[in-house]
$ cat run.txt   # compact mmCIF, C-alpha atoms and all ligand atoms
# COMPACT_ATOMS: atom_id res chain seq x y z
CA MET A 1 39.30 70.54 -172.47
CA THR A 2 40.25 74.19 -172.86
CA GLY A 3 37.49 76.72 -172.69
CA ALA A 4 34.57 74.45 -171.90
CA GLU A 5 34.71 75.42 -168.23
CA GLN A 6 33.69 78.95 -169.31
CA LEU A 7 30.71 77.73 -171.30
CA PHE A 8 27.10 78.25 -170.29
CA VAL A 9 23.93 77.18 -172.09
CA ASP A 10 21.54 79.58 -173.75
CA VAL A 11 18.52 78.87 -171.55
CA GLU A 12 16.24 81.13 -173.61
CA ARG A 13 16.96 78.99 -176.67
CA LEU A 14 16.28 75.86 -174.60
CA ALA A 15 13.02 77.32 -173.26
CA ALA A 16 11.94 78.31 -176.78
CA ARG A 17 12.36 74.71 -177.94
CA LEU A 18 10.50 73.40 -174.89
CA ASP A 19 7.65 75.80 -175.71
CA ALA A 20 7.60 74.80 -179.39
CA LEU A 21 7.51 71.08 -178.54
CA ALA A 22 4.78 71.68 -175.94
CA GLU A 23 2.61 73.17 -178.68
CA ILE A 24 2.31 69.66 -180.16
CA GLY A 25 -0.62 68.10 -178.33
CA PRO A 26 -1.06 71.19 -176.11
CA LEU A 27 -3.01 70.95 -172.84
CA GLU A 28 -4.10 73.95 -170.75
CA PRO A 29 -2.46 75.55 -168.81
CA GLY A 30 0.90 74.50 -170.27
CA GLY A 31 1.17 70.76 -170.65
CA SER A 32 1.15 68.25 -173.47
CA SER A 33 -0.58 65.06 -174.47
CA ARG A 34 1.53 62.86 -176.78
CA LEU A 35 0.96 59.22 -175.90
CA ALA A 36 3.63 56.92 -177.36
CA PHE A 37 3.41 56.16 -181.10
CA THR A 38 0.37 58.36 -181.67
CA GLU A 39 0.33 60.87 -184.53
CA LEU A 40 1.12 63.58 -181.99
CA ASP A 41 4.14 61.61 -180.77
CA GLY A 42 5.15 61.35 -184.40
CA ALA A 43 4.83 65.10 -184.88
CA GLY A 44 6.92 65.72 -181.76
CA ARG A 45 9.56 63.34 -183.06
CA ASP A 46 9.61 65.07 -186.44
CA LEU A 47 10.19 68.45 -184.79
CA VAL A 48 13.07 67.23 -182.62
CA VAL A 49 14.65 65.31 -185.51
CA THR A 50 14.48 68.50 -187.59
CA TRP A 51 16.41 70.35 -184.88
CA MET A 52 18.94 67.50 -184.76
CA ARG A 53 19.34 67.59 -188.56
CA ASP A 54 19.67 71.39 -188.55
CA LEU A 55 22.70 70.94 -186.27
CA GLY A 56 24.22 68.49 -188.74
CA LEU A 57 24.13 65.57 -186.30
CA GLU A 58 24.29 61.97 -187.54
CA ILE A 59 20.91 60.42 -186.82
CA THR A 60 20.06 56.75 -186.29
CA ILE A 61 16.60 55.24 -185.75
CA ASP A 62 16.37 51.68 -184.47
CA GLY A 63 13.69 48.99 -184.64
CA ILE A 64 11.68 50.34 -181.67
CA GLY A 65 11.97 53.93 -182.85
CA ASN A 66 14.74 55.15 -180.54
CA VAL A 67 16.43 58.16 -182.15
CA ILE A 68 20.11 58.88 -181.41
CA ALA A 69 21.88 61.97 -182.84
CA THR A 70 25.66 62.04 -182.69
CA ARG A 71 28.35 64.73 -183.12
CA GLN A 72 31.75 63.31 -183.92
CA GLY A 73 34.61 63.95 -181.51
CA ARG A 74 38.30 64.44 -182.09
CA THR A 75 38.79 60.72 -181.50
CA GLU A 76 36.83 57.61 -182.47
CA GLY A 77 35.00 55.41 -179.98
CA PRO A 78 31.75 55.19 -178.05
CA PRO A 79 30.06 58.56 -177.42
CA VAL A 80 29.20 60.21 -174.18
CA MET A 81 25.42 60.14 -174.37
CA THR A 82 22.57 62.12 -172.89
CA GLY A 83 18.84 62.13 -173.56
CA SER A 84 15.47 61.06 -172.25
CA HIS A 85 11.98 60.82 -173.83
CA ILE A 86 9.43 63.04 -175.53
CA ASP A 87 6.37 60.85 -175.23
CA THR A 88 4.02 61.94 -172.44
CA VAL A 89 1.25 60.52 -170.28
CA ARG A 90 -2.25 61.49 -171.47
CA THR A 91 -2.29 64.54 -169.17
CA GLY A 92 1.41 65.36 -169.12
CA GLY A 93 3.56 68.39 -168.54
CA ARG A 94 6.03 70.06 -170.90
CA PHE A 95 9.20 69.22 -168.98
CA ASP A 96 8.93 65.48 -168.18
CA GLY A 97 11.47 63.87 -170.52
CA CYS A 98 11.53 66.77 -172.98
CA LEU A 99 13.90 68.75 -170.75
CA GLY A 100 16.50 65.98 -170.91
CA VAL A 101 16.33 65.67 -174.69
CA LEU A 102 16.33 69.39 -175.47
CA ALA A 103 18.95 70.25 -172.85
CA GLY A 104 21.18 67.63 -174.50
CA LEU A 105 20.64 69.33 -177.84
CA GLU A 106 21.38 72.68 -176.19
CA VAL A 107 24.67 71.36 -174.77
CA ILE A 108 25.79 70.24 -178.23
CA GLU A 109 24.75 73.52 -179.83
CA THR A 110 26.57 75.48 -177.12
CA LEU A 111 29.76 73.54 -177.91
CA MET A 112 29.27 74.16 -181.63
CA ASP A 113 28.71 77.90 -181.05
CA ALA A 114 32.02 77.99 -179.17
CA ASP A 115 33.68 75.91 -181.88
CA ILE A 116 34.72 73.36 -179.26
CA THR A 117 34.92 69.69 -180.22
CA THR A 118 35.14 67.19 -177.41
CA ASP A 119 37.63 64.33 -177.49
CA ARG A 120 34.90 61.69 -177.46
CA PRO A 121 31.84 61.86 -179.69
CA MET A 122 28.75 63.26 -177.97
CA ALA A 123 25.22 61.97 -178.57
CA VAL A 124 21.73 62.99 -177.57
CA GLY A 125 18.74 60.72 -177.99
CA PHE A 126 15.11 60.19 -177.25
CA PHE A 127 13.92 56.73 -176.33
CA SER A 128 10.53 55.40 -177.36
CA ASN A 129 7.60 54.92 -175.04
CA GLU A 130 9.28 55.82 -171.78
CA GLU A 131 5.91 56.34 -170.11
CA GLY A 132 4.50 52.89 -170.85
CA ALA A 133 1.03 54.34 -170.20
CA ARG A 134 -0.40 53.19 -173.55
CA PHE A 135 1.91 50.21 -174.14
CA PRO A 136 3.49 48.74 -170.98
CA PRO A 137 6.16 48.42 -169.70
CA ASP A 138 7.51 51.86 -169.09
CA MET A 139 11.00 52.59 -170.40
CA MET A 140 10.23 50.17 -173.25
CA GLY A 141 12.50 51.85 -175.81
CA SER A 142 15.59 52.09 -173.60
CA LEU A 143 14.95 48.55 -172.27
CA VAL A 144 15.03 47.23 -175.84
CA TYR A 145 18.05 49.45 -176.63
CA VAL A 146 20.13 47.76 -173.92
CA GLY A 147 18.93 44.26 -174.86
CA GLY A 148 16.62 43.91 -171.84
CA MET A 149 13.52 43.14 -173.92
CA PRO A 150 13.46 41.32 -177.28
CA LEU A 151 12.52 43.69 -180.10
CA GLU A 152 9.84 41.35 -181.48
CA GLU A 153 8.20 41.10 -178.05
CA ALA A 154 8.11 44.88 -177.81
CA LEU A 155 6.71 45.27 -181.32
CA ASP A 156 4.01 42.67 -180.59
CA THR A 157 2.85 44.48 -177.44
CA VAL A 158 -0.87 45.29 -177.49
CA GLY A 159 -1.87 48.58 -175.89
CA ILE A 160 -4.70 49.64 -173.61
CA ASP A 161 -6.61 50.63 -176.77
CA GLY A 162 -6.08 47.28 -178.52
CA THR A 163 -3.53 48.59 -181.01
CA LYS A 164 -0.10 47.01 -181.57
CA VAL A 165 3.26 48.77 -181.17
CA ARG A 166 4.54 47.60 -184.56
CA ASP A 167 1.57 49.04 -186.46
CA GLU A 168 1.51 52.32 -184.57
CA LEU A 169 5.28 52.81 -184.84
CA ASP A 170 5.17 52.08 -188.56
CA SER A 171 2.26 54.47 -189.06
CA ILE A 172 4.33 57.38 -187.69
CA GLY A 173 7.34 56.40 -189.79
CA TYR A 174 9.78 55.49 -187.01
CA LEU A 175 10.15 51.73 -187.50
CA GLY A 176 13.87 52.12 -188.02
CA SER A 177 16.64 49.69 -188.82
CA SER A 178 19.73 50.60 -186.79
CA PRO A 179 21.03 47.67 -184.73
CA ILE A 180 19.57 46.48 -181.42
CA PRO A 181 21.06 46.34 -178.83
CA GLY A 182 22.23 49.86 -179.52
CA LEU A 183 25.80 51.08 -179.15
CA SER A 184 26.83 51.15 -175.49
CA PRO A 185 27.97 54.69 -174.71
CA HIS A 186 31.13 55.58 -172.80
CA ALA A 187 28.82 57.12 -170.19
CA PHE A 188 25.20 58.30 -169.96
CA VAL A 189 23.83 61.31 -168.05
CA GLU A 190 20.14 62.31 -168.04
CA LEU A 191 18.73 65.65 -166.92
CA HIS A 192 15.15 65.38 -165.64
CA ILE A 193 12.70 67.28 -163.47
CA GLU A 194 12.40 65.67 -160.05
CA GLN A 195 8.61 65.25 -160.37
CA GLY A 196 8.33 65.31 -156.59
CA PRO A 197 8.57 67.76 -153.65
CA VAL A 198 12.01 66.93 -152.20
CA LEU A 199 14.20 69.60 -153.83
CA GLU A 200 11.66 72.39 -153.48
CA GLU A 201 10.88 71.54 -149.84
CA GLY A 202 14.59 71.40 -149.10
CA GLY A 203 15.30 74.64 -150.95
CA VAL A 204 17.87 72.78 -153.06
CA THR A 205 18.52 73.49 -156.76
CA ILE A 206 20.20 70.29 -158.00
CA GLY A 207 19.59 66.62 -157.24
CA ALA A 208 22.57 64.30 -157.79
CA VAL A 209 20.52 61.16 -158.31
CA GLU A 210 22.07 58.03 -156.78
CA SER A 211 19.40 55.44 -157.57
CA VAL A 212 15.95 54.64 -158.96
CA GLN A 213 13.41 52.78 -156.82
CA GLY A 214 11.90 49.41 -157.77
CA ILE A 215 8.71 49.42 -159.87
CA SER A 216 5.92 46.82 -159.94
CA TRP A 217 2.91 47.25 -162.28
CA THR A 218 0.04 44.73 -162.21
CA GLU A 219 -3.20 44.62 -164.20
CA ILE A 220 -6.03 42.94 -162.27
CA GLU A 221 -9.11 41.52 -164.03
CA ILE A 222 -12.10 40.89 -161.77
CA VAL A 223 -15.11 38.91 -163.05
CA GLY A 224 -18.26 39.05 -160.95
CA GLN A 225 -21.90 38.86 -161.94
CA SER A 226 -23.96 41.74 -163.22
CA ASN A 227 -27.33 41.98 -161.56
CA HIS A 228 -30.05 44.41 -160.69
CA ALA A 229 -28.92 47.15 -158.28
CA GLY A 230 -32.36 47.28 -156.67
CA THR A 231 -33.56 43.72 -156.45
CA THR A 232 -30.36 41.85 -155.57
CA PRO A 233 -29.92 41.32 -151.81
CA MET A 234 -26.39 42.17 -150.59
CA ARG A 235 -25.84 38.49 -149.61
CA LEU A 236 -26.25 37.39 -153.23
CA ARG A 237 -23.93 39.86 -154.87
CA HIS A 238 -20.68 39.19 -156.72
CA ASP A 239 -19.88 42.82 -157.25
CA ALA A 240 -16.78 43.50 -159.38
CA GLY A 241 -17.15 47.22 -158.71
CA TYR A 242 -16.98 46.70 -154.96
CA ALA A 243 -14.00 44.36 -155.39
CA ALA A 244 -12.11 46.92 -157.47
CA ALA A 245 -12.70 49.60 -154.87
CA ALA A 246 -11.59 47.17 -152.15
CA VAL A 247 -8.25 46.65 -153.92
CA SER A 248 -7.67 50.39 -154.16
CA THR A 249 -8.48 50.82 -150.46
CA PHE A 250 -6.28 47.86 -149.52
CA ILE A 251 -3.15 49.15 -151.27
CA ARG A 252 -3.58 52.59 -149.69
CA GLY A 253 -3.68 50.91 -146.24
CA LEU A 254 -0.71 48.76 -147.18
CA ALA A 255 1.41 51.76 -148.14
CA ASP A 256 0.39 53.65 -144.99
CA GLU A 257 1.22 50.65 -142.80
CA MET A 258 4.55 49.89 -144.52
CA SER A 259 5.34 53.65 -144.59
CA GLY A 260 8.98 54.54 -145.43
CA ASP A 261 9.43 54.71 -149.21
CA GLN A 262 6.47 52.42 -150.01
CA VAL A 263 4.02 53.99 -152.45
CA ALA A 264 0.95 52.45 -154.08
CA THR A 265 -1.43 53.70 -156.79
CA CYS A 266 -4.56 52.46 -158.51
CA GLY A 267 -4.30 54.70 -161.56
CA ALA A 268 -6.68 52.98 -163.96
CA MET A 269 -10.08 51.51 -163.16
CA THR A 270 -12.79 50.50 -165.64
CA LEU A 271 -16.11 48.87 -164.85
CA HIS A 272 -18.45 47.03 -167.17
CA PRO A 273 -21.20 47.80 -168.00
CA ASN A 274 -20.48 50.96 -165.94
CA LEU A 275 -24.15 51.86 -165.37
CA VAL A 276 -25.80 53.36 -162.33
CA ASN A 277 -28.36 50.59 -161.79
CA VAL A 278 -26.30 47.51 -162.72
CA ILE A 279 -23.98 45.63 -160.36
CA ALA A 280 -20.69 45.60 -162.26
CA ALA A 281 -20.05 42.35 -164.08
CA ASN A 282 -16.33 42.96 -164.35
CA ALA A 283 -13.61 45.41 -163.53
CA THR A 284 -10.10 46.03 -164.73
CA ILE A 285 -7.72 47.91 -162.46
CA THR A 286 -4.01 48.61 -162.35
CA VAL A 287 -1.76 48.63 -159.30
CA ASP A 288 1.56 50.52 -159.28
CA LEU A 289 3.73 49.57 -156.26
CA ARG A 290 7.20 51.09 -155.72
CA ASN A 291 9.89 50.96 -153.05
CA THR A 292 13.59 51.75 -152.88
CA ASP A 293 14.08 48.39 -151.13
CA ASP A 294 13.33 45.36 -153.33
CA GLU A 295 12.66 43.04 -150.40
CA LEU A 296 10.01 45.41 -149.10
CA LEU A 297 8.58 45.73 -152.62
CA GLN A 298 8.33 41.93 -152.80
CA GLU A 299 6.59 41.93 -149.41
CA ALA A 300 4.04 44.46 -150.71
CA GLU A 301 3.48 42.33 -153.83
CA ALA A 302 2.98 39.19 -151.72
CA ARG A 303 0.51 40.91 -149.40
CA LEU A 304 -1.49 42.17 -152.38
CA ALA A 305 -1.58 38.64 -153.82
CA ARG A 306 -2.89 37.24 -150.52
CA PHE A 307 -5.52 39.97 -150.31
CA LEU A 308 -6.73 39.20 -153.84
CA GLU A 309 -7.12 35.50 -152.97
CA LYS A 310 -9.23 36.34 -149.92
CA LEU A 311 -11.29 38.87 -151.87
CA ALA A 312 -12.02 36.34 -154.64
CA SER A 313 -13.41 33.87 -152.14
CA SER A 314 -15.30 36.33 -149.91
CA GLU A 315 -16.98 38.15 -152.82
CA GLY A 316 -17.30 35.10 -155.08
CA VAL A 317 -15.50 36.75 -157.97
CA ASP A 318 -12.74 35.51 -160.28
CA VAL A 319 -9.47 37.46 -160.04
CA THR A 320 -6.63 37.17 -162.54
CA THR A 321 -3.45 39.25 -162.58
CA ARG A 322 -0.96 40.18 -165.33
CA THR A 323 2.42 41.78 -164.65
CA LEU A 324 2.82 44.88 -166.83
CA ALA A 325 6.26 45.92 -165.57
CA ARG A 326 8.72 44.80 -162.88
CA PHE A 327 12.08 46.55 -162.45
CA GLU A 328 14.39 46.16 -159.47
CA PRO A 329 15.94 49.25 -157.87
CA VAL A 330 18.98 50.56 -159.78
CA VAL A 331 22.09 52.22 -158.29
CA PHE A 332 23.94 54.76 -160.46
CA ASP A 333 27.71 55.02 -160.98
CA GLN A 334 29.36 56.77 -158.04
CA THR A 335 31.92 58.53 -160.26
CA VAL A 336 29.18 60.08 -162.39
CA VAL A 337 27.12 60.97 -159.31
CA GLY A 338 30.22 62.61 -157.86
CA LEU A 339 30.78 64.65 -161.04
CA VAL A 340 27.19 65.89 -160.98
CA GLU A 341 27.53 66.88 -157.33
CA ALA A 342 30.92 68.58 -157.83
CA ASN A 343 29.75 70.49 -160.92
CA ALA A 344 26.66 71.71 -159.11
CA ARG A 345 28.86 73.05 -156.32
CA ALA A 346 31.41 74.53 -158.75
CA LEU A 347 28.55 76.43 -160.39
CA GLY A 348 27.44 77.72 -157.00
CA HIS A 349 24.29 75.64 -156.69
CA SER A 350 22.98 73.81 -153.64
CA VAL A 351 22.94 70.06 -154.29
CA VAL A 352 21.74 66.94 -152.54
CA ARG A 353 22.16 63.24 -153.30
CA MET A 354 18.82 61.50 -153.62
CA PRO A 355 16.91 58.53 -155.04
CA SER A 356 14.47 58.85 -157.93
CA GLY A 357 10.83 58.03 -157.21
CA ALA A 358 10.08 57.92 -160.95
CA GLY A 359 11.41 55.50 -163.52
CA HIS A 360 13.78 56.86 -166.16
CA ASP A 361 15.62 55.72 -169.28
CA ALA A 362 18.84 56.20 -167.31
CA GLN A 363 17.95 53.17 -165.20
CA MET A 364 18.16 51.04 -168.34
CA MET A 365 21.32 52.70 -169.68
CA ALA A 366 22.93 51.93 -166.30
CA ARG A 367 22.95 48.28 -167.44
CA VAL A 368 25.52 49.04 -170.16
CA ALA A 369 27.41 52.20 -169.14
CA PRO A 370 28.41 54.33 -166.15
CA THR A 371 25.26 56.40 -165.65
CA GLY A 372 23.93 59.25 -163.56
CA MET A 373 21.12 61.79 -163.48
CA VAL A 374 20.69 65.47 -162.73
CA PHE A 375 17.40 66.60 -161.13
CA VAL A 376 15.95 70.09 -160.98
CA PRO A 377 12.98 71.09 -158.81
CA SER A 378 9.33 70.66 -159.78
CA ILE A 379 7.21 73.55 -158.53
CA ASP A 380 4.80 72.25 -155.86
CA GLY A 381 6.21 68.79 -156.65
CA ILE A 382 3.64 68.46 -159.44
CA SER A 383 4.20 66.22 -162.49
CA HIS A 384 2.19 63.94 -164.79
CA ASN A 385 -0.11 66.95 -164.80
CA PRO A 386 -0.42 69.91 -167.24
CA GLU A 387 0.34 72.17 -164.26
CA GLU A 388 3.95 70.82 -164.24
CA ARG A 389 6.39 73.75 -163.96
CA THR A 390 10.09 74.41 -163.31
CA ASP A 391 11.67 77.87 -162.94
CA LEU A 392 13.85 79.14 -165.80
CA ALA A 393 16.75 79.65 -163.39
CA ASP A 394 16.54 75.97 -162.40
CA LEU A 395 16.39 74.88 -166.05
CA ARG A 396 19.57 76.90 -166.63
CA ALA A 397 21.26 75.43 -163.54
CA GLY A 398 20.42 71.85 -164.53
CA ALA A 399 21.49 72.31 -168.15
CA ASN A 400 24.81 73.89 -167.09
CA VAL A 401 25.52 71.01 -164.70
CA LEU A 402 24.70 68.63 -167.56
CA LEU A 403 27.02 70.56 -169.91
CA ARG A 404 29.98 70.43 -167.50
CA THR A 405 29.44 66.78 -166.66
CA LEU A 406 29.13 65.66 -170.29
CA VAL A 407 32.23 67.63 -171.33
CA GLN A 408 34.27 66.15 -168.48
CA LEU A 409 33.18 62.64 -169.43
CA ALA A 410 33.97 63.37 -173.09
CA THR A 411 37.47 64.56 -172.32
CA ASN A 412 40.23 61.97 -172.55
O1 LIG A 501 6.27 55.59 -164.38
C1 LIG A 501 7.30 56.26 -164.30
O2 LIG A 501 7.94 56.34 -163.27
C2 LIG A 501 7.79 57.03 -165.50
O3 LIG A 501 7.09 58.24 -165.55
N1 LIG A 501 7.60 56.29 -166.71
MN MN A 502 10.12 61.11 -167.52
MN MN A 503 6.71 60.48 -166.82
$ encode --input "run.txt" --output "structure tokens" --more "lines below"
Ligand code: HGY
Ligand code: MN
Ligand code: MN
Amino acid sequence: MTGAEQLFVDVERLAARLDALAEIGPLEPGGSSRLAFTELDGAGRDLVVTWMRDLGLEITIDGIGNVIATRQGRTEGPPVMTGSHIDTVRTGGRFDGCLGVLAGLEVIETLMDADITTDRPMAVGFFSNEEGARFPPDMMGSLVYVGGMPLEEALDTVGIDGTKVRDELDSIGYLGSSPIPGLSPHAFVELHIEQGPVLEEGGVTIGAVESVQGISWTEIEIVGQSNHAGTTPMRLRHDAGYAAAAVSTFIRGLADEMSGDQVATCGAMTLHPNLVNVIAANATITVDLRNTDDELLQEAEARLARFLEKLASSEGVDVTTRTLARFEPVVFDQTVVGLVEANARALGHSVVRMPSGAGHDAQMMARVAPTGMVFVPSIDGISHNPEERTDLADLRAGANVLLRTLVQLATN
């Protein structure tokens, strides 16, 4: 590929698009709130699709609302693909997912500006509902894209607010028709913020991501007995509120004891009737367990299950569990990881190989194509928080590594 080695992205143009997208569902001091398939998600989609159309890209929308925009190459065949997601958690930042989608668009526009056409077609996409926070599991869109979840099952999923994916997706106009499973790309590379402290603490600019850790999401329903907070002796209580708090305390102790890569989170907790003077009748909580080692993750899951059995009998409550997501650890393609690492070095950036603590669409694309990821630092390791920030210089570094890597993969 002549000339592409001299190409660099226009990071100001990339930053301007990140800012414009962040204005949809804005959250002080600089984040966004665009839960999957909400009107705000729809508005974000419309903006990105407009940018894709303005570049003359061929756009497909599939049955779960994944949007793929393709620029033809000099030869036919499967594209080299990049992308990520633009849905956010309820209190999200402006870079999580959006950086990968808009940097992909920036790479294509940079090639167009230089009048360079790659041998293979190049595509950039955004996958639906990567966060899974409203409609579990996470990475739903890319999981359906690769044939890992039946489309009808995904469309029938009921969210935390009682709505259904099919209805919400249709209401924002993205119930598309392009085939599922989607076209398997020649290769897939995703740029993403690290969302953790490793790069910043190590003073490293680029992460060449080798793997994604295993993820286990469980919803736990606890049914106790509401009663008077003042008159009910402690020995007669079946307190769902206490039981929920006990689960949260247990998983923290479990993670501390297992140490290593084990992490554990009770992110959602609701009590009913949630009143100061009523012993909670029932509680719903979620548990997010992750580990790079699947055997250890299974051990954590088994220990939680045993704890719940004991808690049910000691507190006299009913406990039922529902798996919301379960993904084994994923290892990325060593050739792609090597390209990311070599390109970071060639561009003069420090680079380290590392696992991903967060789930990503790339872990699903790895099922159908050689896949890798590029990480850039998160300031203070903060993410899933409107305070999420990444320096402009690091955005530029990550996007240039992505550009080089995609062009190499798209060159016969
Ligand atoms: O949960 C995750 O790791 C991702 O943010 N969906
Ligand atoms: Mn993400
Ligand atoms: Mn996220």
$ residues_around --input "run.txt" --residues "range 350-366 of chain A" --least-positions-apart "2" --cutoff "8 Å" --atoms "only C-alpha atoms" --output "mmCIF file with C-alpha atoms, keeping the file's coordinate frame"
data_model
loop_
_atom_site.group_PDB
_atom_site.id
_atom_site.type_symbol
_atom_site.label_atom_id
_atom_site.label_comp_id
_atom_site.auth_asym_id
_atom_site.auth_seq_id
_atom_site.Cartn_x
_atom_site.Cartn_y
_atom_site.Cartn_z
ATOM 1 C CA SER A 84 15.470 61.060 -172.250
ATOM 2 C CA HIS A 85 11.980 60.820 -173.830
ATOM 3 C CA PHE A 127 13.920 56.730 -176.330
ATOM 4 C CA GLU A 130 9.280 55.820 -171.780
ATOM 5 C CA ASP A 138 7.510 51.860 -169.090
ATOM 6 C CA MET A 139 11.000 52.590 -170.400
ATOM 7 C CA SER A 142 15.590 52.090 -173.600
ATOM 8 C CA LEU A 143 14.950 48.550 -172.270
ATOM 9 C CA VAL A 146 20.130 47.760 -173.920
ATOM 10 C CA PHE A 188 25.200 58.300 -169.960
ATOM 11 C CA VAL A 189 23.830 61.310 -168.050
ATOM 12 C CA GLU A 190 20.140 62.310 -168.040
ATOM 13 C CA GLU A 194 12.400 65.670 -160.050
ATOM 14 C CA GLN A 195 8.610 65.250 -160.370
ATOM 15 C CA GLY A 196 8.330 65.310 -156.590
ATOM 16 C CA VAL A 204 17.870 72.780 -153.060
ATOM 17 C CA THR A 205 18.520 73.490 -156.760
ATOM 18 C CA ILE A 206 20.200 70.290 -158.000
ATOM 19 C CA GLY A 207 19.590 66.620 -157.240
ATOM 20 C CA ALA A 208 22.570 64.300 -157.790
ATOM 21 C CA VAL A 209 20.520 61.160 -158.310
ATOM 22 C CA GLU A 210 22.070 58.030 -156.780
ATOM 23 C CA SER A 211 19.400 55.440 -157.570
ATOM 24 C CA VAL A 212 15.950 54.640 -158.960
ATOM 25 C CA GLN A 213 13.410 52.780 -156.820
ATOM 26 C CA ILE A 215 8.710 49.420 -159.870
ATOM 27 C CA ARG A 290 7.200 51.090 -155.720
ATOM 28 C CA THR A 292 13.590 51.750 -152.880
ATOM 29 C CA VAL A 330 18.980 50.560 -159.780
ATOM 30 C CA PHE A 332 23.940 54.760 -160.460
ATOM 31 C CA ASP A 333 27.710 55.020 -160.980
ATOM 32 C CA GLU A 341 27.530 66.880 -157.330
ATOM 33 C CA ALA A 344 26.660 71.710 -159.110
ATOM 34 C CA ARG A 345 28.860 73.050 -156.320
ATOM 35 C CA GLY A 348 27.440 77.720 -157.000
ATOM 36 C CA VAL A 368 25.520 49.040 -170.160
ATOM 37 C CA ALA A 369 27.410 52.200 -169.140
ATOM 38 C CA PRO A 370 28.410 54.330 -166.150
ATOM 39 C CA THR A 371 25.260 56.400 -165.650
ATOM 40 C CA GLY A 372 23.930 59.250 -163.560
ATOM 41 C CA MET A 373 21.120 61.790 -163.480
#
$ residues_around --input "run.txt" --residues "Val276 in chain A" --least-positions-apart "5" --cutoff "12 Å" --atoms "all atoms listed in the file" --output "list in words"
Ser226, Asn227, His228, Ala229, Gly230, Gly241 and Leu271 of chain A
$ residues_near_ligand --input "run.txt" --ligand "ligand MN 503 (chain A)" --cutoff "7 Å" --atoms "all atoms listed in the file" --output "PyMOL selection string"
chain A and resi 88-89+96-97+131+384
$ residues_near_point --input "run.txt" --point "(-1.5, 49.9, -180.3)" --cutoff "10 Å" --atoms "only C-alpha atoms" --output "VMD selection string"
chain A and resid 36 to 38 134 to 135 155 to 169
$ atom_distance --input "run.txt" --atom1 "CA of Leu308 in chain A" --atom2 "CA of Ile285 in chain A"
12.3 Å
$ closest_atom_pairs --input "run.txt" --of "range 34-125 of chain A" --to "range 6-28 of chain A" --cutoff "6 Å" --atoms "all atoms listed in the file" --output "tab-separated table"
residue	atom	partner	partner_atom	distance
A:Arg34	CA	A:Gly25	CA	5.9
A:Arg94	CA	A:Ala22	CA	5.4
A:Thr110	CA	A:Val9	CA	5.9
$ residues_around --input "run.txt" --residues "range 64-75 of chain A" --least-positions-apart "3" --cutoff "8 Å" --atoms "all atoms listed in the file" --output "MDAnalysis selection string"
chainID A and resid 52 56:61 79 108 117:128 141:142 144:145 151 154:155 169 174:176
$ axis_aligned_box --input "run.txt" --around "range 173-184 of chain A" --padding-each-side "6 Å" --output "lines of an AutoDock Vina configuration file"
center_x = 17.1
center_y = 51.4
center_z = -182.6
size_x = 31.5
size_y = 22.1
size_z = 26.3
$ closest_residue --input "run.txt" --among "A:Ser248, A:Asn291, A:Gln262, A:Asn282" --to "Gly214 in chain A" --atoms "all atoms listed in the file"
A:Asn291
$ atom_distance --input "run.txt" --atom1 "atom O1 of ligand LIG 501 (chain A)" --atom2 "CA of Leu406 in chain A"
25.7 Å
$ build_atoms --input "run.txt" --residues "range 335-341 of chain A" --atoms "N, CA, C and O atoms" --output "compact mmCIF listing (two decimals), in the coordinates of the input"
# COMPACT_ATOMS: atom_id res chain seq x y z
N THR A 335 31.05 57.51 -159.64
CA THR A 335 31.92 58.53 -160.26
C THR A 335 31.07 59.59 -160.95
O THR A 335 31.30 60.80 -160.79
N VAL A 336 30.05 59.14 -161.67
CA VAL A 336 29.18 60.08 -162.39
C VAL A 336 28.37 60.90 -161.39
O VAL A 336 28.27 62.14 -161.51
N VAL A 337 27.88 60.24 -160.35
CA VAL A 337 27.12 60.97 -159.31
C VAL A 337 28.01 62.05 -158.70
O VAL A 337 27.60 63.19 -158.50
N GLY A 338 29.27 61.66 -158.46
CA GLY A 338 30.22 62.61 -157.86
C GLY A 338 30.49 63.80 -158.77
O GLY A 338 30.59 64.95 -158.31
N LEU A 339 30.56 63.55 -160.09
CA LEU A 339 30.78 64.65 -161.04
C LEU A 339 29.60 65.61 -161.02
O LEU A 339 29.76 66.84 -161.00
N VAL A 340 28.39 65.05 -161.01
CA VAL A 340 27.19 65.89 -160.98
C VAL A 340 27.21 66.78 -159.74
O VAL A 340 27.02 68.00 -159.80
N GLU A 341 27.50 66.15 -158.61
CA GLU A 341 27.53 66.88 -157.33
C GLU A 341 28.61 67.97 -157.34
O GLU A 341 28.35 69.13 -157.00
